[in-house]
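Reading through the structure tokens given below for one structure.
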Amino acid sequence: MFKKSTAFLALAMTLAVLPACSSSETAAPESGQGDGKSGTSEDQVFRYSTMVSTFAEVPDMKNQFWTRFQKENHLEMDVQWIPDPEFQTKLNLALASGELPDVVSAQNPDDINTLNAVEKGVFWDLDPFLGDFSKYPNLKKNIPEGAWKYSKYKGKHYFIPRARSQINTGYLIRKDLLDEAGLAVPKTTDELYNALKTVKAKDPKMIGMLFMENMQSAFGTFKPQYNAEGGMYRNVLSDAYTDMIEWYRKLYQDGLMSPEFSAVKGAEPDNFFAAGKTVFHTKNFWHQYRMEQENKKVKPNAQVEIVPFIKGPGGNASYLEPGFTGGLFIPKKVPEDKVRKILDVFNQAASEENSKALFYGYEGTHHTVEKGKYVMTSVGLKEIQSFTNDPFSIKRNEWDKVDSPLAPVEVDLANREKVKVVYDTLTVDPFKIIRSATWAAEWPKYADEFETKRTEAIMGKITMDQYRKYIEGLRSNAALKKAFVELAQSYKEYFGG
Amino acid sequence: MKSNELAVKKASSTVFGGLLRRRWSEYVKYRYMYLLVLPGFLFFVVFKLVPMWGLLIAFKDYNPIAGFGQSEWVGLKYFKEMFADEHFYSMLRNTLLINIFGLVFFFPLPILLAVMLNEVRHEMFKRINQSLVYMPHFLSWVVIASLTFFMLSVDIGMVNKVVRLIGLEPYSFLNDSRLFWGMLTLQGIWKDAGWGTIIFLAAIAGVNPERYEAAVVDGASRFRQIWHVTLPAIRPTIVVLLILRLGHMTDVNFEQVLLMMNPLVREVADVFDTYVYNNGILRGMYSIGVTVGFFKGFVGLALVMASNYIVKKMGHEGIY
């Protein structure tokens, strides 16, 4: 580790010395004056480079899809596909060396290193280029308003938000077990507790549920809680969050959780539910169909039902997505002219037709349409993946995370009906949007200990009083107090009041 | 006086010149040997020596965007911070203890296994076994962590299923911080003990068969042969590997620890490498990361030098 990290840093450093500072050489652009661009001939190929995360094999840019896409859009893209776990490291290295591509498609635009770079003026403020969007109608129309609103940083757009549907995560429950116990699908935290208790009493082998942090909003963590100085507590330090811990503690005491809930990590919670070990689970809605099929392998009459939201004493769980994931940054070293051209490309990629192509591929080659459902061909399955559109921000189907590629269309339509209600009952998680540099820098120091205390409190290894005292200690921590003030400011910036 | 001085100068220059010339002619003479060494030499210069410059980051408030040159010098600030951090001492304890566990329980096993494999007379059986014990080495830690979970989990673990079958209460092995170091060591043994035999088997293969024949003539049993011929023959290998192992006393397999960690065992699982990851990567505080790295390297170097010295004092050949 030591040798590796020094080697990495030394490399970063040697690279950093050479191009010293190449940023901030051009002043803010005059929007609307880009005359040269409108006359570009149709067949002229536009070349640019970009770096994007990949979550599977590195896509072959010479495959059928990318060949056709680039040809149709007169593009020659030089894409560095980087395995997502290494993406930030690669980006940090590129930031350090100044060797950034023309576009950085970052999975996590809030990464502390990326924010630092934004602060240092490494990336263009895109607002002057975008102007009133008259030149970029597709970006305006096809990226949700919320995405534009929540992707601002200090009031400016440093990246184009990569649009996503707002409905994503919810809850799944084993309806067959509820039926056997004569229970209805739970709607509230109390009903959920009773349901799990009853099912567990009938079948002691079942685990009620594992720890799901997204239950927090049912206890009211999305409502800001302020301290005496007007600072706003981060969700984990709020009273509401502690209420959630107390609720879990009761579940644990009654044997409704696994004693190893904190050691069940990664894909294991999914496997537990799929194998019929747990009664209640949280997942993207579209998994309902798959999970039911999986459960049927263990118990032929198993049924998995969607629970769109859970009402609690302080609100509803879980949350709506802000309408974007990740964003497209353009470094300052890209000349203004080229920035405009790149934005044209983004606008073009966000068109109906291109959006469809980037999501489902081309009809005939990558998919066929059967009964209103896209059926991927073997080429399509190979070439089109969930991240194929990540170099751009495309128009997304609002039911992306509800429709299952495996399910018949009737199931999809029924699920859409069930899920629809969340537009009225759920809200965006403010803590996924508000930022504080101090919090980002300080919290990692305490995050591990917090997680341990939280686990111990749920397991009854410490009393709730001890846990509260611990939280109180964090609340009065000087550095975190500064973060609370920043959080309050940030909250005001995005949500007003 | 003057001529005298001149003469001395001349003499010295000719002596020096002669030395240089002789050196040069030797370089020329053995040029193919040097050519052979060159790639390895370059490797160490480029990937090990040059990056040492990076250690300077420990003395700077390194900001990757400002670059190395622009970052401010801060002297020993980060070292002071590191030693003042109470966390540091628990990490030091965990790191050293995990390694001592490894040294005591893991290190002798490949030797034992190599000797055992060497004693197997049935050639086919030996080869099959050799391949079998190498295999886990090629599994990634992610796989091994999952396997451990499948074995030990309360809810789905094989071990706990057996425990239930014989009518006992299942036990949460993964939550018990007392078992954590032992579990890491066992995983390490399962994964790499077989792989570690390769070097010892090679050393054993190099033993002159006449020695065994002489031992047999002297009436030595199999155990006596192992004790008096095999083990002494591979002693230099053992010593060298031991010294090198000591150089890694502050390294812990980061991936393994990170995968096996959960909030209840964190207290015994936090090691330097997870700290570097948390601070250097997650918090973007490169300087702290490098400072800890510096410290680790320094301890490793000190241990290698000390053990090498002791080993030499004991009459063995060290690594330099």
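Ligands are numbered from 1 in the order shown, residues from 1 within each chain, and chains are lettered A, B, ... in the order they appear in the structure tokens.
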Kindly provide, as a ChimeraX atom specification, the residues of chain B having any atom no farther than 9 Å from an atom of chain A, counting only C-alpha atoms. /B:47-48,50-55,57,63-70,149,153-156,172,174-175,251-254,259-267,273,276,278-279,281-286,289-290,292-294,296-297
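Near Phe79 in chain B, within 10 Å and counting only C-alpha atoms, sit B:Ala58, B:Phe59, B:Ala84, B:Asp85, B:Ser287, B:Ile288, B:Thr291, B:Val292, B:Phe294, B:Phe295; same-chain residues fewer than 5 positions away were not included.
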Any chance you could export the current selection's C-alpha atoms as an mmCIF file, in the first residue's frame?
data_model
loop_
_atom_site.group_PDB
_atom_site.id
_atom_site.type_symbol
_atom_site.label_atom_id
_atom_site.label_comp_id
_atom_site.auth_asym_id
_atom_site.auth_seq_id
_atom_site.Cartn_x
_atom_site.Cartn_y
_atom_site.Cartn_z
ATOM 1 C CA ALA B 58 4.339 14.271 3.972
ATOM 2 C CA PHE B 59 6.060 17.580 4.723
ATOM 3 C CA ALA B 84 -1.291 12.953 18.690
ATOM 4 C CA ASP B 85 -4.219 11.033 17.221
ATOM 5 C CA SER B 287 -0.459 14.505 3.047
ATOM 6 C CA ILE B 288 -1.852 12.529 5.978
ATOM 7 C CA THR B 291 2.699 10.576 6.349
ATOM 8 C CA VAL B 292 1.236 7.308 7.556
ATOM 9 C CA PHE B 294 6.123 7.126 5.437
ATOM 10 C CA PHE B 295 5.849 5.871 8.976
#
Residue neighbourhood range 208-225 of chain B, 12 Å, only C-alpha atoms, exclusion window fewer than 5 positions, as a PyMOL selection string: chain B and resi 115-116+118-120+203+230-234
Hey, can you spit out that residue selection with N, CA and C atoms as an mmCIF file, in the first residue's frame?
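Result saved to part.cif:
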data_model
loop_
_atom_site.group_PDB
_atom_site.id
_atom_site.type_symbol
_atom_site.label_atom_id
_atom_site.label_comp_id
_atom_site.auth_asym_id
_atom_site.auth_seq_id
_atom_site.Cartn_x
_atom_site.Cartn_y
_atom_site.Cartn_z
ATOM 1 N N VAL B 115 7.694 -29.579 3.426
ATOM 2 C CA VAL B 115 8.397 -30.785 3.875
ATOM 3 C C VAL B 115 7.497 -31.995 3.726
ATOM 4 N N MET B 116 6.237 -31.829 4.095
ATOM 5 C CA MET B 116 5.287 -32.943 3.970
ATOM 6 C C MET B 116 5.125 -33.367 2.523
ATOM 7 N N ASN B 118 7.167 -32.943 0.190
ATOM 8 C CA ASN B 118 8.428 -33.522 -0.275
ATOM 9 C C ASN B 118 8.549 -34.988 0.130
ATOM 10 N N GLU B 119 7.944 -35.334 1.236
ATOM 11 C CA GLU B 119 8.057 -36.700 1.730
ATOM 12 C C GLU B 119 7.088 -37.652 1.036
ATOM 13 N N VAL B 120 6.139 -37.090 0.315
ATOM 14 C CA VAL B 120 5.181 -37.965 -0.367
ATOM 15 C C VAL B 120 5.898 -38.712 -1.476
ATOM 16 N N ALA B 203 13.719 -24.975 -2.941
ATOM 17 C CA ALA B 203 14.947 -25.065 -2.150
ATOM 18 C C ALA B 203 15.251 -26.521 -1.796
ATOM 19 N N THR B 230 17.050 -31.959 5.465
ATOM 20 C CA THR B 230 16.145 -31.052 4.746
ATOM 21 C C THR B 230 16.106 -29.665 5.387
ATOM 22 N N LEU B 231 15.797 -29.642 6.675
ATOM 23 C CA LEU B 231 15.623 -28.334 7.308
ATOM 24 C C LEU B 231 16.893 -27.484 7.277
ATOM 25 N N PRO B 232 18.034 -28.017 7.632
ATOM 26 C CA PRO B 232 19.238 -27.183 7.535
ATOM 27 C C PRO B 232 19.479 -26.688 6.108
ATOM 28 N N ALA B 233 19.116 -27.522 5.137
ATOM 29 C CA ALA B 233 19.358 -27.119 3.754
ATOM 30 C C ALA B 233 18.506 -25.930 3.352
ATOM 31 N N ILE B 234 17.291 -25.862 3.879
ATOM 32 C CA ILE B 234 16.448 -24.732 3.467
ATOM 33 C C ILE B 234 16.509 -23.583 4.476
#
Shell around Trp81 in chain A at 8 Å using only C-alpha atoms, local window under 2 positions removed, as a PyMOL selection string: chain A and resi 51-54+58-59+79+83
Saved selection, atoms kept: C-alpha atoms, as a PDB file, in the first residue's frame:
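Output (result21.pdb):
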ATOM      1  CA  MET A  51     -14.079   9.981 -19.489  1.00  0.00           C
ATOM      2  CA  VAL A  52     -16.945   7.866 -18.196  1.00  0.00           C
ATOM      3  CA  SER A  53     -17.442   5.155 -15.586  1.00  0.00           C
ATOM      4  CA  THR A  54     -18.154   1.648 -16.712  1.00  0.00           C
ATOM      5  CA  VAL A  58     -15.188  -1.741 -21.180  1.00  0.00           C
ATOM      6  CA  PRO A  59     -17.525  -1.150 -24.137  1.00  0.00           C
ATOM      7  CA  VAL A  79     -14.043   7.701 -24.701  1.00  0.00           C
ATOM      8  CA  PRO A  83     -14.177   0.877 -14.167  1.00  0.00           C
TER       9      PRO A  83
END
Near Asp110 in chain A, within 10 Å and counting only C-alpha atoms, which residues show up once chain neighbours fewer than 2 positions away are dropped, as a list of chain:residue names?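 Using only C-alpha atoms, the neighbours found are A:Ala106, A:Gln107, A:Asn108, A:Ile112, A:Asn113, A:Thr114, A:Leu115, A:Asn116, A:Ser151, A:Tyr153, A:Gly326, A:Gly327, A:Lys432, A:Ile433, A:Ile434, A:Arg435, A:Ser436, A:Ala437, A:Ala440.
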Selection to disk with C-alpha atoms, as a compact mmCIF listing (two decimals), in the first residue's frame:
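Wrote it out as out13.txt, contents follow:
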# COMPACT_ATOMS: atom_id res chain seq x y z
CA ALA A 106 -18.61 12.01 -13.14
CA GLN A 107 -20.72 9.50 -11.30
CA ASN A 108 -20.40 11.48 -8.10
CA ILE A 112 -14.58 16.28 -2.33
CA ASN A 113 -11.75 16.31 -4.88
CA THR A 114 -14.10 17.27 -7.66
CA LEU A 115 -15.64 20.04 -5.55
CA ASN A 116 -12.15 21.31 -4.74
CA SER A 151 -27.49 20.25 -9.56
CA TYR A 153 -23.33 24.46 -6.95
CA GLY A 326 -23.81 12.30 -11.90
CA GLY A 327 -22.99 15.08 -14.25
CA LYS A 432 -28.62 14.07 -1.12
CA ILE A 433 -28.50 17.63 -2.37
CA ILE A 434 -27.24 20.02 0.27
CA ARG A 435 -23.49 20.23 0.68
CA SER A 436 -20.98 21.36 3.20
CA ALA A 437 -17.26 21.17 2.53
CA ALA A 440 -17.38 16.28 3.83
Using DSSP on the backbone, list every residue of range 48-208 of chain B that comes out as strand (DSSP E), and give them as a ChimeraX atom specification. /B:60-61,72-73
Restricted to N, CA, C and O atoms, what would the selected residues look like written as a PDB file, in the first residue's frame?
ATOM      1  N   LYS B  60       4.464  18.553   3.216  1.00  0.00           N
ATOM      2  CA  LYS B  60       3.791  19.663   2.548  1.00  0.00           C
ATOM      3  C   LYS B  60       2.303  19.556   2.764  1.00  0.00           C
ATOM      4  O   LYS B  60       1.781  18.482   3.043  1.00  0.00           O
ATOM      5  N   ASP B  61       1.616  20.682   2.629  1.00  0.00           N
ATOM      6  CA  ASP B  61       0.163  20.648   2.655  1.00  0.00           C
ATOM      7  C   ASP B  61      -0.269  20.419   1.215  1.00  0.00           C
ATOM      8  O   ASP B  61      -0.598  21.350   0.504  1.00  0.00           O
ATOM      9  N   GLU B  72       2.261  24.186  -0.002  1.00  0.00           N
ATOM     10  CA  GLU B  72       3.046  24.834   1.036  1.00  0.00           C
ATOM     11  C   GLU B  72       3.809  23.826   1.890  1.00  0.00           C
ATOM     12  O   GLU B  72       3.296  22.755   2.196  1.00  0.00           O
ATOM     13  N   TRP B  73       5.013  24.205   2.299  1.00  0.00           N
ATOM     14  CA  TRP B  73       5.768  23.357   3.229  1.00  0.00           C
ATOM     15  C   TRP B  73       5.181  23.492   4.619  1.00  0.00           C
ATOM     16  O   TRP B  73       4.891  24.599   5.067  1.00  0.00           O
TER      17      TRP B  73
END
Can you list, as an MDAnalysis selection string, every protein, DNA or RNA residue that comes within 9 Å of range 65-76 of chain A when you count only C-alpha atoms, leaving out same-chain residues fewer than 3 positions away? chainID A and resid 42:49 60:62 345 348:349 354 357:358 361:362 365:366 380 383:384
Find, counting only C-alpha atoms, the residue in B:Leu184, B:Ile199, B:Ala302, B:Leu49 that gets nearest to Leu97 in chain B. B:Leu184
Need the shell around Val257 in chain B: protein/DNA/RNA residues with any atom at most 10 Å away, counting only C-alpha atoms. Skip same-chain ones fewer than 6 positions apart. Format as a list in words?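 Returned residues: Trp141, Ala145, Phe180, Trp181, Leu184, Arg266, Ala269, Asp270, Val271, Asp273 and Thr274 of chain B.
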Would you list, as a count of residues only, the residues of range 42-268 of chain B that end up in helix (DSSP H, G or I) under DSSP run on this structure's backbone? 168
Could you check the closest approach to Thr282 in chain A for each of A:Thr377, A:Ser318, A:Gln216, A:Thr368 and tell me which residue wins, using only C-alpha atoms?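 The closest residue to Thr282 in chain A is A:Ser318.
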As an exercise, work out the distance from CA of Thr278 in chain A to CA of Met209 in chain A in Å and give it to one decimal place.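 Taking CA of Thr278 in chain A as the start and CA of Met209 in chain A as the end point, the length is 5.6 Å.
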Pick out the closest residue to Asn142 in chain A from this set: A:Asn477, A:Ser165, A:Thr463, A:Thr242. Count only C-alpha atoms. A:Ser165
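Proximity of B:Ala306, B:Leu246, B:Val268, B:Met91 to Val104 in chain B, computed with only C-alpha atoms, is greatest for B:Leu246.
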